[in-house]
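Reviewing the structure listed below.
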Amino acid sequence: MNNDLSVSLSSSLLELIKNTSSVIPPDVESVISGLRPSEEEGSKARWALEVIEENIKIAKELKAPLCQDTGTLLFFIDYPKHFTAKTGMGCTDLTIAIESAVMRATEQGYLRQNSVDSLSGKNAGLNIGPGHPSIHYQESGQEEASLEVRLILKGGGCENVGVQYSLPDTGLGAGRDLRGVRRVLLEAIVQAQGKGCSPGFLGVCIGGDRGAGYVESKRQFLRRVDDLNPNPELQKLEEEICNTANRLKIGPMGFGGKSTLFGCKIGCLNRLPASYFVSVSYMCWAYRRQGIRLRWNETEKRFEISEWLYNANNSNNSKSKKEGCL
Amino acid sequence: MNKSNPSSNVNIQKLLYPYDREVIRKLVVGDMLLISGKIFTARDAVHRYLYEGGKSPISLQQQMLYHCGPVIIKDASGVYQVKAAGPTTSAREEPYQATIIKEHGIVGVIGKGGMGPKTLEACRQFGCVYFHAVGGAAQVLAAKITAVPNVYLMEFGSPEAMWELTIEDFPVVVTMDAQGNSLHEQVKKDGLQALQSELDRAI
């Protein structure tokens with residue numbers, strides 16, 4: 001990969017990281033700002049929501065990290081057919097450009113020094129290392145030489161309350177059907193309390209092996225909050241979980257209240273006859289997700305940002321529903 | 001009006017440095033406060049270090065700990081700039097907190113998510129309170145930090161170091177008091193009860 005291409009690509013990715021760290025996507029922001037009236041004026045829950053809204057505003061104005069835990073960087077990259085033939089680049093080059101952007105964003109204070117050697121406990125301060133950042137590549141099947149890069153920053157507090165159930169779960173009385181799935185999802189929410197920084201959001205995968213299940217549960221966070229699950233049964237379950245969760249009196253930060261969950265997205269993978277996993281990932285209110293389309297400029301032999309993927313008017317061809325579930 | 005201060009119809013108190021243990025003992029679950037003075041960040045590495053008998057680089061008698069791994073960078077003139085500083089999940093410090101409260105004479109712990117029975121008991125016994133800050137509100141809270149006079153234990157890495165922070169009107173809620181009450185225990189109890197009635201209802 002030539003040096004100019006590498007530098008320009010890394011700069012575009014740095015833009016993506018800065019924006020993801022400091023600006024909550026409009027679909028998430030509009031749902032969160034709609035929660036306030038559900039909590040009583042003067043209550044701790046209402047105050048927490050007010051602080052959250054103010055925080056969203058300040059972070060955007062200052063272009064500063066929304067939350068100090070800038071989390072695991074989860075990159076999801078869709079590359080077009082014949083990508084390497086057209087651009088001369090491969091996934092290794094992309095990974096190098098991403099790592100360079102991550103190091104620059106860390107130096108500039110958009111990311112915390114968040115990558116620790118698991119055995120020695122040493123923090124090299126660079127934010128790169130085995131498993132960091134976490135990058136998932138897939139071929140998009142598109143002919144046009146454009147890359148789609150989506151980024152999620154997922155903090156440790158909400159990651160720690162994620163959980164995987166193996167059904168049947170006799171203790172919880174959860175069998176291998178959607179009723180059982182509902183049972184364990186509600187359990188996950190009540191166990192998480194405010195520890196994942198509620199009001200939160202669930203990404204769920206039914207099926208898969210243990211590893212694929214968790215990845216798919218996180219992939220659900222790429223869906224817009226206001227999209228509709230194409231499977232009517234899952235769509236109904238997503239709504240039901242959300243409505244029920246908000247009757248569990250957990251509330252913002254676990255202070256008690258009505259706004260506990262502002263969304264739930266459920267996907268499925270096939271499973272082995274012997275296995276039935278339900279993988280649950282919890283996302284905090286500081287739901288940092290953004291994406292860019294990078295168009296290949298054939299004349300200049302470089303990529304340019306041609307679109308931000310989660311802007312307000314871009315519904316990703318999904319049918320819209322009413323906001324939130326409260 | 002500064003919106004991070006609770007609405008006007010809430011009884012809001014100010015808590016000023018130096019912290020008085022007798023004032024701390026009188027606080028109750030649900031009290032909303034604005035703290036001004038100083039706090040020391042301490043998260044996993046510092047807690048483990050102190051718990052295992054490591055010497056604190058500065059006396060923590062009557063001081064407050066803040067469960068926080070901030071984003072702090074040095075600007076061109078060598079001054080520390082706080083870029084983001086919200087609370088981290090406190091539950092991870094549950095194995096260590098009670099001992100540290102006892103041995104170092106801590107009067108307040110600020111964090112998020114609440115802590116367990118060992119810490120609650122130490123709060124009751126030694127006169128300490130758990131304050132809940134709004135998780136994720138790194139910018140609102142960073143704006144309440146007016147200076148960074150010192151940093152200790154930098155060998156643990158920037159987020160894990162012990163940063164001395166000067167704060168002004170730092171907004172918190174008491175969720176575990178020195179009288180043995182925990183909002184977290186109550187909310188969980190209510191939640192489990194509500195869950196049971198949801199499960200009894202046919203879908």
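Residues in the structure tokens are named by chain (A, B, ... in the order shown) and by number from 1 within that chain; ligands are numbered from 1 in the order shown.
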Contact table range 146-174 of chain A vs range 110-132 of chain B, cut-off 12 Å, shortest pair per residue, only C-alpha atoms, as a tab-separated table:
```
residue	atom	partner	partner_atom	distance
A:Gly157	CA	B:Gly113	CA	9.1
A:Cys158	CA	B:Gly113	CA	10.8
A:Asn160	CA	B:Gly113	CA	11.9
A:Val161	CA	B:Gly113	CA	11.2
```
Using only all heavy atoms, please write the residues we just selected to a file, as a tab-separated table (two decimals), in the first residue's frame.
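Result written to again.tsv:
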```tsv
chain	number	residue	atom	x	y	z
A	157	GLY	N	-18.11	-1.60	31.91
A	157	GLY	CA	-19.22	-1.76	32.86
A	157	GLY	C	-20.36	-2.54	32.25
A	157	GLY	O	-20.89	-3.49	32.85
A	158	CYS	N	-20.75	-2.17	31.04
A	158	CYS	CA	-21.86	-2.88	30.40
A	158	CYS	C	-21.42	-4.24	29.87
A	158	CYS	O	-22.18	-5.19	29.86
A	158	CYS	CB	-22.53	-2.03	29.32
A	158	CYS	SG	-21.53	-1.69	27.88
A	160	ASN	N	-19.38	-6.20	31.31
A	160	ASN	CA	-19.32	-7.13	32.45
A	160	ASN	C	-20.68	-7.71	32.83
A	160	ASN	O	-20.73	-8.74	33.49
A	160	ASN	CB	-18.71	-6.43	33.67
A	160	ASN	CG	-17.22	-6.22	33.51
A	160	ASN	OD1	-16.59	-6.78	32.61
A	160	ASN	ND2	-16.63	-5.42	34.38
A	161	VAL	N	-21.77	-7.05	32.46
A	161	VAL	CA	-23.09	-7.62	32.80
A	161	VAL	C	-23.67	-8.46	31.68
A	161	VAL	O	-24.78	-8.99	31.80
A	161	VAL	CB	-24.11	-6.54	33.27
A	161	VAL	CG1	-23.62	-5.86	34.53
A	161	VAL	CG2	-24.40	-5.52	32.18
```
Which neighbours of range 242-254 of chain A fall inside 8 Å, counting only C-alpha atoms, when residues of the same chain fewer than 5 positions from it are skipped, and could you give them as a PyMOL selection string? (chain A and resi 45+48-49+186+189-190+193-195+197-199+259-264+325-326) or (chain B and resi 112-113+134-135+184+187-188+190-192+194-195+198)
I need the residues from that last selection saved to file as a CSV table (one decimal), in the first residue's frame (with N, CA, C and O atoms), if you can.
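For reference, again28.csv as written:
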```
chain,number,residue,atom,x,y,z
A,45,ALA,N,-34.2,9.4,39.6
A,45,ALA,CA,-34.3,8.8,38.2
A,45,ALA,C,-34.3,10.0,37.2
A,45,ALA,O,-33.5,10.0,36.2
A,48,ALA,N,-31.0,11.8,37.1
A,48,ALA,CA,-30.0,11.0,36.3
A,48,ALA,C,-30.2,11.2,34.8
A,48,ALA,O,-29.2,11.4,34.1
A,49,LEU,N,-31.4,11.2,34.4
A,49,LEU,CA,-31.7,11.4,32.9
A,49,LEU,C,-31.3,12.8,32.5
A,49,LEU,O,-30.8,13.0,31.4
A,186,LEU,N,-35.2,-11.6,30.8
A,186,LEU,CA,-35.7,-10.8,31.9
A,186,LEU,C,-34.7,-11.0,33.1
A,186,LEU,O,-34.5,-10.1,33.9
A,189,ILE,N,-31.7,-8.9,32.7
A,189,ILE,CA,-32.0,-7.4,33.0
A,189,ILE,C,-32.0,-7.2,34.5
A,189,ILE,O,-31.5,-6.3,35.1
A,190,VAL,N,-32.7,-8.1,35.2
A,190,VAL,CA,-32.9,-7.9,36.7
A,190,VAL,C,-31.5,-8.1,37.4
A,190,VAL,O,-31.2,-7.4,38.4
A,193,GLN,N,-29.2,-5.0,37.0
A,193,GLN,CA,-29.6,-3.8,37.8
A,193,GLN,C,-29.1,-2.5,37.0
A,193,GLN,O,-29.3,-2.4,35.8
A,194,GLY,N,-28.5,-1.6,37.8
A,194,GLY,CA,-28.0,-0.4,37.2
A,194,GLY,C,-26.5,-0.5,36.8
A,194,GLY,O,-25.9,0.5,36.2
A,195,LYS,N,-25.9,-1.7,37.0
A,195,LYS,CA,-24.5,-1.8,36.8
A,195,LYS,C,-24.0,-1.6,35.4
A,195,LYS,O,-22.8,-1.3,35.2
A,197,CYS,N,-25.0,0.7,33.5
A,197,CYS,CA,-25.4,2.1,33.2
A,197,CYS,C,-26.7,2.2,32.4
A,197,CYS,O,-26.7,2.5,31.3
A,198,SER,N,-27.8,1.8,33.1
A,198,SER,CA,-29.1,1.9,32.6
A,198,SER,C,-29.5,3.4,32.6
A,198,SER,O,-28.9,4.1,33.4
A,199,PRO,N,-30.4,3.8,31.7
A,199,PRO,CA,-31.2,2.9,30.8
A,199,PRO,C,-30.3,2.3,29.7
A,199,PRO,O,-29.5,3.0,29.1
A,259,SER,N,-37.6,4.0,33.5
A,259,SER,CA,-36.8,3.8,32.2
A,259,SER,C,-35.5,3.0,32.5
A,259,SER,O,-34.6,3.5,33.0
A,260,THR,N,-35.7,1.7,32.2
A,260,THR,CA,-34.6,0.7,32.4
A,260,THR,C,-34.0,0.3,31.1
A,260,THR,O,-32.8,0.2,31.0
A,261,LEU,N,-34.9,0.0,30.1
A,261,LEU,CA,-34.4,-0.5,28.8
A,261,LEU,C,-35.0,0.4,27.7
A,261,LEU,O,-36.2,0.6,27.7
A,262,PHE,N,-34.2,0.8,26.7
A,262,PHE,CA,-34.7,1.6,25.6
A,262,PHE,C,-34.7,0.9,24.3
A,262,PHE,O,-35.0,1.4,23.3
A,263,GLY,N,-34.3,-0.4,24.4
A,263,GLY,CA,-34.4,-1.2,23.1
A,263,GLY,C,-33.9,-2.6,23.3
A,263,GLY,O,-33.1,-2.8,24.3
A,264,CYS,N,-34.3,-3.5,22.5
A,264,CYS,CA,-33.8,-4.8,22.5
A,264,CYS,C,-33.9,-5.3,21.1
A,264,CYS,O,-34.8,-5.1,20.3
A,325,CYS,N,-39.8,2.2,23.4
A,325,CYS,CA,-40.8,1.2,23.8
A,325,CYS,C,-41.4,1.6,25.1
A,325,CYS,O,-42.1,0.8,25.7
A,326,LEU,N,-41.3,2.9,25.5
A,326,LEU,CA,-41.9,3.3,26.7
A,326,LEU,C,-43.3,3.8,26.5
A,326,LEU,O,-43.6,4.3,25.5
B,112,LYS,N,-20.2,3.9,40.9
B,112,LYS,CA,-21.5,3.6,40.3
B,112,LYS,C,-21.9,2.2,40.5
B,112,LYS,O,-21.0,1.3,40.6
B,113,GLY,N,-23.2,1.9,40.5
B,113,GLY,CA,-23.6,0.5,40.5
B,113,GLY,C,-23.8,0.0,41.9
B,113,GLY,O,-24.4,-1.1,42.1
B,134,VAL,N,-23.4,9.7,38.4
B,134,VAL,CA,-24.1,9.2,37.2
B,134,VAL,C,-23.1,8.6,36.2
B,134,VAL,O,-22.2,9.2,35.7
B,135,GLY,N,-23.3,7.2,36.0
B,135,GLY,CA,-22.4,6.5,35.2
B,135,GLY,C,-22.4,7.0,33.8
B,135,GLY,O,-23.5,7.3,33.2
B,184,HIS,N,-29.5,0.0,46.7
B,184,HIS,CA,-29.3,-1.1,45.7
B,184,HIS,C,-30.0,-2.4,46.2
B,184,HIS,O,-30.6,-3.1,45.4
B,187,VAL,N,-33.8,-1.8,45.6
B,187,VAL,CA,-34.3,-1.8,44.2
B,187,VAL,C,-34.2,-3.2,43.7
B,187,VAL,O,-35.1,-3.7,42.9
B,188,LYS,N,-33.2,-4.0,44.1
B,188,LYS,CA,-33.1,-5.4,43.6
B,188,LYS,C,-34.3,-6.2,44.1
B,188,LYS,O,-34.8,-7.0,43.4
B,190,ASP,N,-37.2,-5.2,45.0
B,190,ASP,CA,-38.4,-4.8,44.3
B,190,ASP,C,-38.5,-5.3,42.9
B,190,ASP,O,-39.5,-5.8,42.4
B,191,GLY,N,-37.3,-5.4,42.3
B,191,GLY,CA,-37.2,-5.9,40.9
B,191,GLY,C,-37.5,-7.3,40.8
B,191,GLY,O,-38.2,-7.8,39.9
B,192,LEU,N,-37.0,-8.1,41.7
B,192,LEU,CA,-37.2,-9.6,41.7
B,192,LEU,C,-38.7,-9.9,42.0
B,192,LEU,O,-39.2,-10.8,41.4
B,194,ALA,N,-41.2,-7.8,41.2
B,194,ALA,CA,-41.9,-7.4,40.0
B,194,ALA,C,-41.7,-8.4,38.9
B,194,ALA,O,-42.7,-8.8,38.2
B,195,LEU,N,-40.5,-9.0,38.8
B,195,LEU,CA,-40.3,-10.0,37.8
B,195,LEU,C,-41.1,-11.2,38.1
B,195,LEU,O,-41.7,-11.8,37.1
B,198,GLU,N,-44.5,-10.7,36.8
B,198,GLU,CA,-44.5,-10.7,35.3
B,198,GLU,C,-44.5,-12.1,34.8
B,198,GLU,O,-45.1,-12.5,33.8
```
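The spacing separating CA of Leu5 in chain A from CA of Ala124 in chain A amounts to 27.5 Å.
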If you count only C-alpha atoms, which residues fall within 12 Å of Asp93 in chain A, apart from same-chain ones fewer than 3 positions away, as a PyMOL selection string? chain A and resi 1-3+5-7+9-10+83-84+87-90+96-100
Dump as a tab-separated table the rows for residues of chain B within 6 Å of chain A: closest atom pair and distance in Å with one decimal, only C-alpha atoms counted, ordered by chain and rising residue number.
```
residue	atom	partner	partner_atom	distance
B:Ser4	CA	A:Val51	CA	5.1
B:Pro6	CA	A:Trp47	CA	5.8
B:Ser7	CA	A:Gly42	CA	5.8
B:Val10	CA	A:Gly42	CA	5.5
B:Pro70	CA	A:Gln68	CA	5.7
B:Val71	CA	A:Arg112	CA	5.4
B:Ala84	CA	A:Gln68	CA	4.7
B:Ala85	CA	A:Gln68	CA	5.4
B:Gly86	CA	A:Gln68	CA	6.0
B:Thr89	CA	A:Gly157	CA	5.8
B:Gly113	CA	A:Lys195	CA	4.4
B:Gly135	CA	A:Cys197	CA	5.7
B:Gly136	CA	A:Cys67	CA	4.7
B:Ala137	CA	A:Asn55	CA	5.5
B:Ala138	CA	A:Cys67	CA	4.7
B:Gln139	CA	A:Asn55	CA	5.6
B:Val140	CA	A:Asn55	CA	5.2
B:Gly157	CA	A:Asn123	CA	5.9
B:Val187	CA	A:Gly256	CA	5.9
B:Gly191	CA	A:Leu248	CA	4.9
B:Ala194	CA	A:Leu248	CA	5.4
```
List every residue of range 3-82 of chain A that DSSP, applied to the backbone, labels as alpha helix (DSSP H), and write the result as a PyMOL selection string. chain A and resi 3-22+26-33+44-62
Could you write those residues out with C-alpha atoms, as a PDB file, in the first residue's frame?
```
ATOM      1  CA  ASN A   3       2.131   5.849   1.862  1.00  0.00           C
ATOM      2  CA  ASP A   4      -0.321   8.579   0.759  1.00  0.00           C
ATOM      3  CA  LEU A   5      -3.150   6.068   0.646  1.00  0.00           C
ATOM      4  CA  SER A   6      -2.236   4.760   4.076  1.00  0.00           C
ATOM      5  CA  VAL A   7      -2.138   8.247   5.635  1.00  0.00           C
ATOM      6  CA  SER A   8      -5.417   9.392   4.079  1.00  0.00           C
ATOM      7  CA  LEU A   9      -7.202   6.185   5.074  1.00  0.00           C
ATOM      8  CA  SER A  10      -5.934   6.435   8.641  1.00  0.00           C
ATOM      9  CA  SER A  11      -7.115  10.087   8.808  1.00  0.00           C
ATOM     10  CA  SER A  12     -10.631   9.112   7.716  1.00  0.00           C
ATOM     11  CA  LEU A  13     -10.686   6.365  10.329  1.00  0.00           C
ATOM     12  CA  LEU A  14      -9.481   8.856  12.959  1.00  0.00           C
ATOM     13  CA  GLU A  15     -12.473  11.073  12.040  1.00  0.00           C
ATOM     14  CA  LEU A  16     -14.735   8.066  12.562  1.00  0.00           C
ATOM     15  CA  ILE A  17     -13.213   7.313  15.987  1.00  0.00           C
ATOM     16  CA  LYS A  18     -13.478  10.956  17.139  1.00  0.00           C
ATOM     17  CA  ASN A  19     -17.114  11.159  16.135  1.00  0.00           C
ATOM     18  CA  THR A  20     -18.017   7.797  17.626  1.00  0.00           C
ATOM     19  CA  SER A  21     -16.369   8.672  20.941  1.00  0.00           C
ATOM     20  CA  SER A  22     -17.999  12.072  21.324  1.00  0.00           C
ATOM     21  CA  PRO A  26     -29.250  10.630  16.332  1.00  0.00           C
ATOM     22  CA  ASP A  27     -31.485   7.536  16.497  1.00  0.00           C
ATOM     23  CA  VAL A  28     -30.191   6.785  20.016  1.00  0.00           C
ATOM     24  CA  GLU A  29     -30.254  10.394  21.171  1.00  0.00           C
ATOM     25  CA  SER A  30     -33.871  10.931  20.188  1.00  0.00           C
ATOM     26  CA  VAL A  31     -34.997   7.875  22.156  1.00  0.00           C
ATOM     27  CA  ILE A  32     -33.012   8.860  25.257  1.00  0.00           C
ATOM     28  CA  SER A  33     -34.304  12.410  25.270  1.00  0.00           C
ATOM     29  CA  LYS A  44     -33.291  10.609  41.445  1.00  0.00           C
ATOM     30  CA  ALA A  45     -34.252   8.849  38.212  1.00  0.00           C
ATOM     31  CA  ARG A  46     -35.290  12.084  36.555  1.00  0.00           C
ATOM     32  CA  TRP A  47     -32.137  13.833  37.737  1.00  0.00           C
ATOM     33  CA  ALA A  48     -29.965  11.020  36.345  1.00  0.00           C
ATOM     34  CA  LEU A  49     -31.686  11.404  32.946  1.00  0.00           C
ATOM     35  CA  GLU A  50     -31.119  15.168  33.054  1.00  0.00           C
ATOM     36  CA  VAL A  51     -27.410  14.667  33.758  1.00  0.00           C
ATOM     37  CA  ILE A  52     -27.234  12.132  30.911  1.00  0.00           C
ATOM     38  CA  GLU A  53     -28.834  14.572  28.475  1.00  0.00           C
ATOM     39  CA  GLU A  54     -26.522  17.353  29.554  1.00  0.00           C
ATOM     40  CA  ASN A  55     -23.543  15.040  29.158  1.00  0.00           C
ATOM     41  CA  ILE A  56     -24.573  14.160  25.613  1.00  0.00           C
ATOM     42  CA  LYS A  57     -24.786  17.861  24.824  1.00  0.00           C
ATOM     43  CA  ILE A  58     -21.421  18.827  26.350  1.00  0.00           C
ATOM     44  CA  ALA A  59     -19.547  15.919  24.733  1.00  0.00           C
ATOM     45  CA  LYS A  60     -20.911  16.930  21.341  1.00  0.00           C
ATOM     46  CA  GLU A  61     -19.998  20.608  21.837  1.00  0.00           C
ATOM     47  CA  LEU A  62     -16.492  19.911  23.119  1.00  0.00           C
TER      48      LEU A  62
END
```
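Put simply, CA of Glu168 in chain B is 18.0 Å away from CA of Ile72 in chain B.
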DSSP on the backbone, then: every residue of range 68-168 of chain B marked strand (DSSP E), written as a count of residues only. 32
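With CA of Gly213 in chain A on one side and CA of Leu272 in chain A on the other, the separation reads 12.3 Å.
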Distance query range 290-294 of chain A at most 8 Å, only C-alpha atoms, self and fewer than 6 positions along chain excluded, as an MDAnalysis selection string: chainID A and resid 16 19:20 25 146:152 303:310
Got a sec: who's within 9 Å of range 51-62 of chain B, counting only C-alpha atoms, leaving out chain neighbours fewer than 6 positions off, as a PyMOL selection string? chain B and resi 18-21+40+95-97+99-100+103-108+152-153
The selected residues should be written to file as a compact mmCIF listing (two decimals), in the first residue's frame (atoms: all heavy atoms).
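Listed below is the output, out19.txt:
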```
# COMPACT_ATOMS: atom_id res chain seq x y z
N PRO B 18 -12.67 20.32 54.67
CA PRO B 18 -12.40 18.94 55.09
C PRO B 18 -13.68 18.21 55.52
O PRO B 18 -14.54 18.81 56.17
CB PRO B 18 -11.43 19.11 56.26
CG PRO B 18 -11.69 20.49 56.79
CD PRO B 18 -12.13 21.31 55.62
N TYR B 19 -13.77 16.94 55.15
CA TYR B 19 -14.99 16.18 55.42
C TYR B 19 -15.05 15.80 56.90
O TYR B 19 -14.07 15.35 57.48
CB TYR B 19 -15.03 14.93 54.54
CG TYR B 19 -14.77 15.25 53.08
CD1 TYR B 19 -13.70 14.68 52.40
CD2 TYR B 19 -15.58 16.16 52.39
CE1 TYR B 19 -13.44 14.98 51.07
CE2 TYR B 19 -15.32 16.48 51.06
CZ TYR B 19 -14.25 15.90 50.40
OH TYR B 19 -14.00 16.20 49.10
N ASP B 20 -16.24 15.98 57.48
CA ASP B 20 -16.46 15.73 58.89
C ASP B 20 -17.21 14.40 59.04
O ASP B 20 -18.32 14.24 58.54
CB ASP B 20 -17.29 16.91 59.45
CG ASP B 20 -17.61 16.76 60.93
OD1 ASP B 20 -17.48 15.63 61.47
OD2 ASP B 20 -18.01 17.78 61.54
N ARG B 21 -16.58 13.46 59.75
CA ARG B 21 -17.19 12.13 59.86
C ARG B 21 -18.58 12.18 60.51
O ARG B 21 -19.46 11.37 60.19
CB ARG B 21 -16.26 11.19 60.62
CG ARG B 21 -16.54 9.72 60.32
CD ARG B 21 -15.62 8.77 61.07
NE ARG B 21 -14.23 8.85 60.69
CZ ARG B 21 -13.69 8.20 59.66
NH1 ARG B 21 -14.43 7.41 58.91
NH2 ARG B 21 -12.41 8.33 59.37
N PHE B 40 -9.59 11.35 45.62
CA PHE B 40 -8.50 10.60 44.99
C PHE B 40 -9.10 9.48 44.15
O PHE B 40 -9.92 8.71 44.65
CB PHE B 40 -7.60 9.98 46.07
CG PHE B 40 -6.88 11.00 46.89
CD1 PHE B 40 -7.46 11.52 48.06
CD2 PHE B 40 -5.62 11.46 46.52
CE1 PHE B 40 -6.80 12.47 48.81
CE2 PHE B 40 -4.96 12.41 47.27
CZ PHE B 40 -5.55 12.93 48.42
N PRO B 95 -14.32 -6.92 47.23
CA PRO B 95 -13.45 -7.72 48.10
C PRO B 95 -12.48 -6.87 48.93
O PRO B 95 -12.03 -7.31 49.98
CB PRO B 95 -12.65 -8.59 47.12
CG PRO B 95 -13.39 -8.54 45.83
CD PRO B 95 -14.12 -7.25 45.81
N TYR B 96 -12.14 -5.67 48.46
CA TYR B 96 -11.09 -4.87 49.11
C TYR B 96 -11.61 -3.70 49.93
O TYR B 96 -10.95 -3.22 50.84
CB TYR B 96 -10.15 -4.28 48.02
CG TYR B 96 -9.79 -5.24 46.92
CD1 TYR B 96 -10.16 -4.99 45.60
CD2 TYR B 96 -9.07 -6.40 47.20
CE1 TYR B 96 -9.82 -5.87 44.58
CE2 TYR B 96 -8.72 -7.29 46.18
CZ TYR B 96 -9.11 -7.02 44.87
OH TYR B 96 -8.78 -7.88 43.87
N GLN B 97 -12.80 -3.18 49.55
CA GLN B 97 -13.22 -1.87 50.05
C GLN B 97 -13.32 -1.79 51.57
O GLN B 97 -12.86 -0.83 52.17
CB GLN B 97 -14.57 -1.48 49.42
CG GLN B 97 -14.85 0.00 49.51
CD GLN B 97 -13.92 0.80 48.62
OE1 GLN B 97 -14.01 0.74 47.40
NE2 GLN B 97 -12.99 1.51 49.22
N THR B 99 -11.84 -3.37 54.00
CA THR B 99 -10.53 -3.30 54.65
C THR B 99 -9.91 -1.91 54.49
O THR B 99 -9.33 -1.35 55.42
CB THR B 99 -9.59 -4.36 54.03
OG1 THR B 99 -10.23 -5.62 54.17
CG2 THR B 99 -8.24 -4.39 54.71
N ILE B 100 -10.05 -1.35 53.29
CA ILE B 100 -9.45 -0.04 53.02
C ILE B 100 -10.16 1.07 53.79
O ILE B 100 -9.52 1.97 54.34
CB ILE B 100 -9.43 0.23 51.49
CG1 ILE B 100 -8.48 -0.79 50.83
CG2 ILE B 100 -8.99 1.66 51.19
CD1 ILE B 100 -8.54 -0.81 49.32
N GLU B 103 -8.82 0.52 57.41
CA GLU B 103 -7.40 0.78 57.68
C GLU B 103 -6.93 2.17 57.30
O GLU B 103 -5.96 2.67 57.83
CB GLU B 103 -6.53 -0.29 57.02
CG GLU B 103 -6.72 -1.62 57.73
CD GLU B 103 -5.90 -2.74 57.16
OE1 GLU B 103 -5.14 -2.49 56.18
OE2 GLU B 103 -6.03 -3.86 57.66
N HIS B 104 -7.64 2.81 56.36
CA HIS B 104 -7.18 4.12 55.92
C HIS B 104 -8.09 5.26 56.37
O HIS B 104 -7.83 6.42 56.07
CB HIS B 104 -6.99 4.14 54.39
CG HIS B 104 -5.86 3.26 53.94
ND1 HIS B 104 -4.59 3.74 53.79
CD2 HIS B 104 -5.82 1.94 53.67
CE1 HIS B 104 -3.79 2.74 53.41
NE2 HIS B 104 -4.52 1.63 53.34
N GLY B 105 -9.18 4.91 57.03
CA GLY B 105 -10.06 5.96 57.58
C GLY B 105 -10.81 6.76 56.53
O GLY B 105 -11.09 7.95 56.70
N ILE B 106 -11.20 6.07 55.45
CA ILE B 106 -11.95 6.72 54.36
C ILE B 106 -13.34 7.13 54.86
O ILE B 106 -14.00 6.37 55.56
CB ILE B 106 -12.14 5.73 53.18
CG1 ILE B 106 -10.81 5.12 52.73
CG2 ILE B 106 -12.91 6.33 52.04
CD1 ILE B 106 -9.88 6.05 52.07
N VAL B 107 -13.82 8.32 54.46
CA VAL B 107 -15.17 8.75 54.86
C VAL B 107 -16.18 8.70 53.72
O VAL B 107 -17.39 8.80 53.95
CB VAL B 107 -15.19 10.17 55.46
CG1 VAL B 107 -14.51 10.19 56.82
CG2 VAL B 107 -14.58 11.18 54.50
N GLY B 108 -15.68 8.54 52.50
CA GLY B 108 -16.61 8.49 51.37
C GLY B 108 -16.03 7.75 50.20
O GLY B 108 -14.83 7.82 49.94
N TYR B 152 -0.33 10.01 41.90
CA TYR B 152 0.49 9.02 42.60
C TYR B 152 0.30 7.66 41.94
O TYR B 152 -0.69 7.42 41.24
CB TYR B 152 0.07 8.92 44.06
CG TYR B 152 0.07 10.25 44.79
CD1 TYR B 152 -1.12 10.97 44.95
CD2 TYR B 152 1.25 10.78 45.31
CE1 TYR B 152 -1.12 12.19 45.62
CE2 TYR B 152 1.25 12.01 45.98
CZ TYR B 152 0.06 12.71 46.12
OH TYR B 152 0.05 13.91 46.77
N LEU B 153 1.22 6.76 42.20
CA LEU B 153 1.14 5.37 41.72
C LEU B 153 0.95 5.29 40.20
O LEU B 153 0.17 4.48 39.70
CB LEU B 153 0.01 4.61 42.45
CG LEU B 153 0.13 4.56 43.98
CD1 LEU B 153 -1.12 3.92 44.62
CD2 LEU B 153 1.38 3.78 44.41
```
Polymer residues at most 8 Å from Ile12 in chain B, only C-alpha atoms, same-chain spacing of 5 or more positions, as an MDAnalysis selection string: chainID B and resid 6 31:34
Put those residues in a file: N, CA, C and O atoms, as a PDB file, in the first residue's frame.
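Output contents, as saved in part-v8.pdb:
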```
ATOM      1  N   PRO B   6     -29.410  19.025  40.836  1.00  0.00           N
ATOM      2  CA  PRO B   6     -30.780  18.530  40.851  1.00  0.00           C
ATOM      3  C   PRO B   6     -31.812  19.666  40.834  1.00  0.00           C
ATOM      4  O   PRO B   6     -31.520  20.770  41.288  1.00  0.00           O
ATOM      5  N   ASP B  31     -30.230  11.108  49.777  1.00  0.00           N
ATOM      6  CA  ASP B  31     -29.721  12.491  49.836  1.00  0.00           C
ATOM      7  C   ASP B  31     -28.968  12.822  48.557  1.00  0.00           C
ATOM      8  O   ASP B  31     -28.136  12.050  48.096  1.00  0.00           O
ATOM      9  N   MET B  32     -29.265  13.988  48.006  1.00  0.00           N
ATOM     10  CA  MET B  32     -28.545  14.443  46.817  1.00  0.00           C
ATOM     11  C   MET B  32     -27.603  15.558  47.251  1.00  0.00           C
ATOM     12  O   MET B  32     -28.003  16.477  47.963  1.00  0.00           O
ATOM     13  N   LEU B  33     -26.350  15.437  46.819  1.00  0.00           N
ATOM     14  CA  LEU B  33     -25.329  16.357  47.325  1.00  0.00           C
ATOM     15  C   LEU B  33     -24.454  16.906  46.213  1.00  0.00           C
ATOM     16  O   LEU B  33     -24.284  16.276  45.169  1.00  0.00           O
ATOM     17  N   LEU B  34     -23.885  18.086  46.522  1.00  0.00           N
ATOM     18  CA  LEU B  34     -22.831  18.635  45.672  1.00  0.00           C
ATOM     19  C   LEU B  34     -21.582  18.699  46.543  1.00  0.00           C
ATOM     20  O   LEU B  34     -21.581  19.387  47.565  1.00  0.00           O
TER      21      LEU B  34
END
```
